[in-house]
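See below for the structure under consideration.
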Amino acid sequence: MLNIVVCVKQVPDTNEVRLDPKTGTLIREGVPSIMNPDDKAGLEAALRIKDELGAVVRVVSMGPAQADAVLREALAMGADEAYLISDRAFGGADTWATSSTIAAAVSKLPYDIVFTGRQAIDGDTAQVGPQMAEHLGIPNVSYAEEIRVVGDSLIVKRQFENSYQVVRVKMPCLVTALTELNRPRYMTPGGIFEAYREKQVTVWTRPDVPVDDSNIGLKGSPTRVKESFPKALKGKGEVVTMDAEAEADYLLAKLVERHVI
Amino acid sequence: MKEFSEYKGVYVFVQQVEGVIAPVSFELIGKAKELAKSLNTSVYAVLCGYNVAQLADELGEYGADTVVLIDDPALAEYTTEPYAQAIYGAIEYFKPEVFLYGATTIGRDLAPRVSARVHTGLTADCTKLEIDAETGRLLMTRPAFGGNLMATIVCPDFRPQMATVRPGVMQKAEREEGRRARVLPFNIKIEKNDCFIEILDVIKKMNEAADISSADILVSGGRGMGSKENFQMLYDLAEVLGGRVAASRAAVDAGWADKELQVGQTGKTVRPKVYIAVGISGAIQHLAGMEESDLIIAVNRDETAPIWSVADYGVVGDLNKVIPMLTEKIRAMKENA
């Protein structure tokens, strides 16, 4: 029986974030939290392997207590066990410290395949997956668009800008999933019942994770945020409202004026 | 403060596939020249591959002072582990102060693996790099939170300071014909281990029209297009303008356009001479991918849409009428010319 670990992150739905038009600052209130889309594709890939070949699927997340919600969602979709790495000591971590923390936690679990999403929509770094693979000392295949298990290996179709590689990677290995990989299933009513009434989310705090103090949290992060600021948008240009014919003439004139035609 | 005086030089990972250097590598060398000048050091291009020595000349002409050449059969095609061994070996030996990678699917796979091995920081998808005049540190600025915020990142206590940079963000330097780099062959033994993977097949995507990052003129459609069929009017306009068609994430998610055409934080960053946004409201994650365009024109029904905050010119109106009329007028004008 295969053992699969899926790493998921709870993220704000950045599509729903708006800027305050007056101050140019983020309006964070009322932005829903979701399971990161690439991670969900990794979970779905794991569940499909479980459906086809049989597997134990364990989901792992690092975050505050509220991240329990995405782990319950994963359980309701069909994951078997859930682990939440949660402690203030892990807070403020950059990708280096995050990956060393999650890798240490994952090393306590049996695994043939570790799935992460390619990247999280709130950070977009795509770094934690490959960094975790390095900390675990296993191969990684990033940007997976198709995946199947063949014997002791995975065959993965890996996306590049202008081509694909089809590669064979021996397990244990780590795969970073793209949303193109699949269309994730919905939670079922029975699954939701089980996720909240019968299954557990195991919380791992600082003492439960076998990682050195120098490699966690803000102190274990090689990078520091020096400053952050709202993005400066350039000033509003010239906008006109006329009838369609006049508007087409206006655009034509501008294209000529700017030597486009 | 830690002492890093033995770490010197601005290094660039040169991405080549089948003997063709990725444009982003030249863009990085252009930026590296500026950084090296501020740091009073020089530019090193790290060229990995098999039988690729002939590419060194071109790197010199675009501004590399030294080409570190790692030529090995294991590097013939990109896979993570052999490349990670090569770059890790170069970092251990040369001790770079700064190391830059393109934020391509290769760079974003290789750089994090290397950062974990070296134990140093890595800042993803930077849009601005400069040297802090006071501390000499690299200031790495990147969009965060789906492009809503900008953050400036530093790596004070570890070296090299590493960053990936999205293609199309930096400008490559003017090519100087005949300028030659010193070529330094670096022989490192690449050891086969459990992290090697086997390439079974390589499939090319044969779709040149989909290469939106190199187009001078882009006609881009969003949710307001309403249907896949309506995208045809964008193709018609792009044709008379000699441009290409792109799309917003909403249009791609709706299935009206291919993912390869997507502009934005989760798509491509483009910097064309002209960007015509049609029926695109301008979600921040979209603006992050196109706001550096030289000229931005928008057509949208909604006069409160965020796209107006970046547009140079725009019309509030019905794209179904305006776009075909504009196409016809341009066509007529060209025929009369």
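Ordered as shown in the structure tokens, chains take letters A, B, and onward, while each chain numbers its residues from 1 and ligands are numbered from 1 in the order shown.
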Counting only C-alpha atoms, a student should be able to say which residues of chain A come within 6 Å of chain B; what is the right answer, written as a ChimeraX atom specification? /A:14,122-123,125,127,130-131,134,138-139,160,162-169,222-231,234,236-241,244,248
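Between CA of Ala177 (chain A) and CA of Ala250 (chain B) the separation is 20.9 Å.
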Spatial neighbours of Val6 (chain A), 6 Å, only C-alpha atoms, chain gap at least 4 places, as a PDB file with N, CA and C atoms, in the first residue's frame:
ATOM      1  N   LEU A  43      -3.776  17.198  -3.950  1.00  0.00           N
ATOM      2  CA  LEU A  43      -4.628  16.331  -3.133  1.00  0.00           C
ATOM      3  C   LEU A  43      -5.479  15.423  -4.022  1.00  0.00           C
ATOM      4  N   VAL A  59      -2.675  14.454   4.972  1.00  0.00           N
ATOM      5  CA  VAL A  59      -2.495  15.867   4.607  1.00  0.00           C
ATOM      6  C   VAL A  59      -1.810  16.607   5.742  1.00  0.00           C
ATOM      7  N   VAL A 114       5.356  12.624  -1.985  1.00  0.00           N
ATOM      8  CA  VAL A 114       4.948  13.857  -1.311  1.00  0.00           C
ATOM      9  C   VAL A 114       4.444  14.806  -2.396  1.00  0.00           C
ATOM     10  N   PHE A 115       3.223  15.281  -2.243  1.00  0.00           N
ATOM     11  CA  PHE A 115       2.691  16.288  -3.164  1.00  0.00           C
ATOM     12  C   PHE A 115       2.731  17.659  -2.494  1.00  0.00           C
TER      13      PHE A 115
END
As an MDAnalysis selection string, please: the residues near Ser221 (chain A) (cut-off 8 Å, only C-alpha atoms, same-chain neighbours under 3 positions excluded). (chainID A and resid 93:97 215:218 224) or (chainID B and resid 121)
Surrounding residues of region 89-102 of chain B excluding itself and chain neighbours under 2 positions, 8 Å, only C-alpha atoms, as a PDB file with N, CA and C atoms, in the first residue's frame:
ATOM      1  N   GLU B   6      35.011  37.577   1.304  1.00  0.00           N
ATOM      2  CA  GLU B   6      35.485  36.609   0.299  1.00  0.00           C
ATOM      3  C   GLU B   6      34.433  36.345  -0.781  1.00  0.00           C
ATOM      4  N   TYR B   7      33.194  36.806  -0.558  1.00  0.00           N
ATOM      5  CA  TYR B   7      32.148  36.605  -1.566  1.00  0.00           C
ATOM      6  C   TYR B   7      32.152  37.763  -2.552  1.00  0.00           C
ATOM      7  N   LYS B   8      32.438  37.451  -3.822  1.00  0.00           N
ATOM      8  CA  LYS B   8      32.574  38.528  -4.820  1.00  0.00           C
ATOM      9  C   LYS B   8      31.915  38.138  -6.140  1.00  0.00           C
ATOM     10  N   GLY B   9      31.457  39.148  -6.851  1.00  0.00           N
ATOM     11  CA  GLY B   9      30.978  38.934  -8.203  1.00  0.00           C
ATOM     12  C   GLY B   9      29.478  38.761  -8.289  1.00  0.00           C
ATOM     13  N   VAL B  10      28.916  39.228  -9.404  1.00  0.00           N
ATOM     14  CA  VAL B  10      27.491  39.042  -9.670  1.00  0.00           C
ATOM     15  C   VAL B  10      27.376  37.938 -10.721  1.00  0.00           C
ATOM     16  N   TYR B  11      26.723  36.858 -10.358  1.00  0.00           N
ATOM     17  CA  TYR B  11      26.644  35.669 -11.195  1.00  0.00           C
ATOM     18  C   TYR B  11      25.243  35.506 -11.776  1.00  0.00           C
ATOM     19  N   VAL B  12      25.196  35.022 -13.001  1.00  0.00           N
ATOM     20  CA  VAL B  12      23.913  34.782 -13.661  1.00  0.00           C
ATOM     21  C   VAL B  12      23.884  33.347 -14.162  1.00  0.00           C
ATOM     22  N   PHE B  13      22.820  32.628 -13.839  1.00  0.00           N
ATOM     23  CA  PHE B  13      22.628  31.293 -14.410  1.00  0.00           C
ATOM     24  C   PHE B  13      22.134  31.468 -15.849  1.00  0.00           C
ATOM     25  N   VAL B  14      22.892  30.928 -16.794  1.00  0.00           N
ATOM     26  CA  VAL B  14      22.515  31.037 -18.206  1.00  0.00           C
ATOM     27  C   VAL B  14      21.649  29.831 -18.570  1.00  0.00           C
ATOM     28  N   GLN B  15      20.406  30.123 -18.915  1.00  0.00           N
ATOM     29  CA  GLN B  15      19.524  29.031 -19.304  1.00  0.00           C
ATOM     30  C   GLN B  15      19.610  28.815 -20.804  1.00  0.00           C
ATOM     31  N   VAL B  24      15.757  35.719 -21.190  1.00  0.00           N
ATOM     32  CA  VAL B  24      15.850  36.221 -19.813  1.00  0.00           C
ATOM     33  C   VAL B  24      17.295  36.209 -19.318  1.00  0.00           C
ATOM     34  N   SER B  25      18.110  35.309 -19.831  1.00  0.00           N
ATOM     35  CA  SER B  25      19.510  35.259 -19.383  1.00  0.00           C
ATOM     36  C   SER B  25      20.250  36.526 -19.804  1.00  0.00           C
ATOM     37  N   LEU B  28      19.138  39.326 -17.577  1.00  0.00           N
ATOM     38  CA  LEU B  28      19.792  39.261 -16.261  1.00  0.00           C
ATOM     39  C   LEU B  28      21.223  39.764 -16.329  1.00  0.00           C
ATOM     40  N   GLN B  85      23.755  20.068  -8.763  1.00  0.00           N
ATOM     41  CA  GLN B  85      25.137  19.742  -8.395  1.00  0.00           C
ATOM     42  C   GLN B  85      26.119  20.716  -9.041  1.00  0.00           C
ATOM     43  N   ALA B  86      25.865  21.036 -10.319  1.00  0.00           N
ATOM     44  CA  ALA B  86      26.770  21.936 -11.047  1.00  0.00           C
ATOM     45  C   ALA B  86      26.780  23.328 -10.408  1.00  0.00           C
ATOM     46  N   ILE B  87      25.582  23.858 -10.150  1.00  0.00           N
ATOM     47  CA  ILE B  87      25.504  25.225  -9.605  1.00  0.00           C
ATOM     48  C   ILE B  87      25.988  25.254  -8.158  1.00  0.00           C
ATOM     49  N   THR B 104      11.906  31.227 -14.784  1.00  0.00           N
ATOM     50  CA  THR B 104      11.277  30.338 -15.761  1.00  0.00           C
ATOM     51  C   THR B 104      10.937  29.032 -15.046  1.00  0.00           C
ATOM     52  N   GLY B 107      14.330  27.849 -13.926  1.00  0.00           N
ATOM     53  CA  GLY B 107      14.908  28.629 -12.829  1.00  0.00           C
ATOM     54  C   GLY B 107      14.164  28.446 -11.522  1.00  0.00           C
ATOM     55  N   ARG B 108      12.835  28.339 -11.621  1.00  0.00           N
ATOM     56  CA  ARG B 108      12.037  28.210 -10.406  1.00  0.00           C
ATOM     57  C   ARG B 108      12.076  26.798  -9.846  1.00  0.00           C
ATOM     58  N   ALA B 111      16.642  26.973  -8.694  1.00  0.00           N
ATOM     59  CA  ALA B 111      17.103  27.922  -7.672  1.00  0.00           C
ATOM     60  C   ALA B 111      16.692  27.519  -6.253  1.00  0.00           C
ATOM     61  N   LEU B 138      22.004  43.547  -1.503  1.00  0.00           N
ATOM     62  CA  LEU B 138      21.082  43.517  -2.633  1.00  0.00           C
ATOM     63  C   LEU B 138      19.664  43.735  -2.118  1.00  0.00           C
ATOM     64  N   ARG B 159      25.205  34.093   2.111  1.00  0.00           N
ATOM     65  CA  ARG B 159      25.659  34.377   0.756  1.00  0.00           C
ATOM     66  C   ARG B 159      25.694  33.084  -0.038  1.00  0.00           C
ATOM     67  N   PRO B 160      25.490  33.139  -1.361  1.00  0.00           N
ATOM     68  CA  PRO B 160      25.163  34.345  -2.123  1.00  0.00           C
ATOM     69  C   PRO B 160      23.741  34.840  -1.852  1.00  0.00           C
ATOM     70  N   GLN B 161      23.524  36.112  -2.193  1.00  0.00           N
ATOM     71  CA  GLN B 161      22.172  36.665  -2.179  1.00  0.00           C
ATOM     72  C   GLN B 161      21.543  36.239  -3.498  1.00  0.00           C
ATOM     73  N   MET B 162      20.472  35.475  -3.424  1.00  0.00           N
ATOM     74  CA  MET B 162      19.935  34.882  -4.656  1.00  0.00           C
ATOM     75  C   MET B 162      18.518  35.363  -4.945  1.00  0.00           C
ATOM     76  N   ALA B 163      18.246  35.531  -6.241  1.00  0.00           N
ATOM     77  CA  ALA B 163      16.919  35.978  -6.662  1.00  0.00           C
ATOM     78  C   ALA B 163      16.571  35.354  -8.007  1.00  0.00           C
ATOM     79  N   THR B 164      15.282  35.124  -8.213  1.00  0.00           N
ATOM     80  CA  THR B 164      14.804  34.836  -9.564  1.00  0.00           C
ATOM     81  C   THR B 164      14.081  36.080 -10.073  1.00  0.00           C
ATOM     82  N   VAL B 165      14.145  36.270 -11.392  1.00  0.00           N
ATOM     83  CA  VAL B 165      13.563  37.462 -12.017  1.00  0.00           C
ATOM     84  C   VAL B 165      12.705  37.007 -13.189  1.00  0.00           C
ATOM     85  N   ARG B 166      11.504  37.541 -13.260  1.00  0.00           N
ATOM     86  CA  ARG B 166      10.604  37.112 -14.344  1.00  0.00           C
ATOM     87  C   ARG B 166      11.109  37.592 -15.706  1.00  0.00           C
ATOM     88  N   PRO B 167      10.926  36.753 -16.717  1.00  0.00           N
ATOM     89  CA  PRO B 167      11.292  37.183 -18.076  1.00  0.00           C
ATOM     90  C   PRO B 167      10.525  38.434 -18.459  1.00  0.00           C
ATOM     91  N   PHE B 186      34.984  25.005 -15.917  1.00  0.00           N
ATOM     92  CA  PHE B 186      34.921  24.546 -14.523  1.00  0.00           C
ATOM     93  C   PHE B 186      34.520  23.079 -14.546  1.00  0.00           C
ATOM     94  N   ILE B 188      33.567  19.861 -12.878  1.00  0.00           N
ATOM     95  CA  ILE B 188      33.058  19.326 -11.626  1.00  0.00           C
ATOM     96  C   ILE B 188      32.544  17.935 -11.917  1.00  0.00           C
TER      97      ILE B 188
END
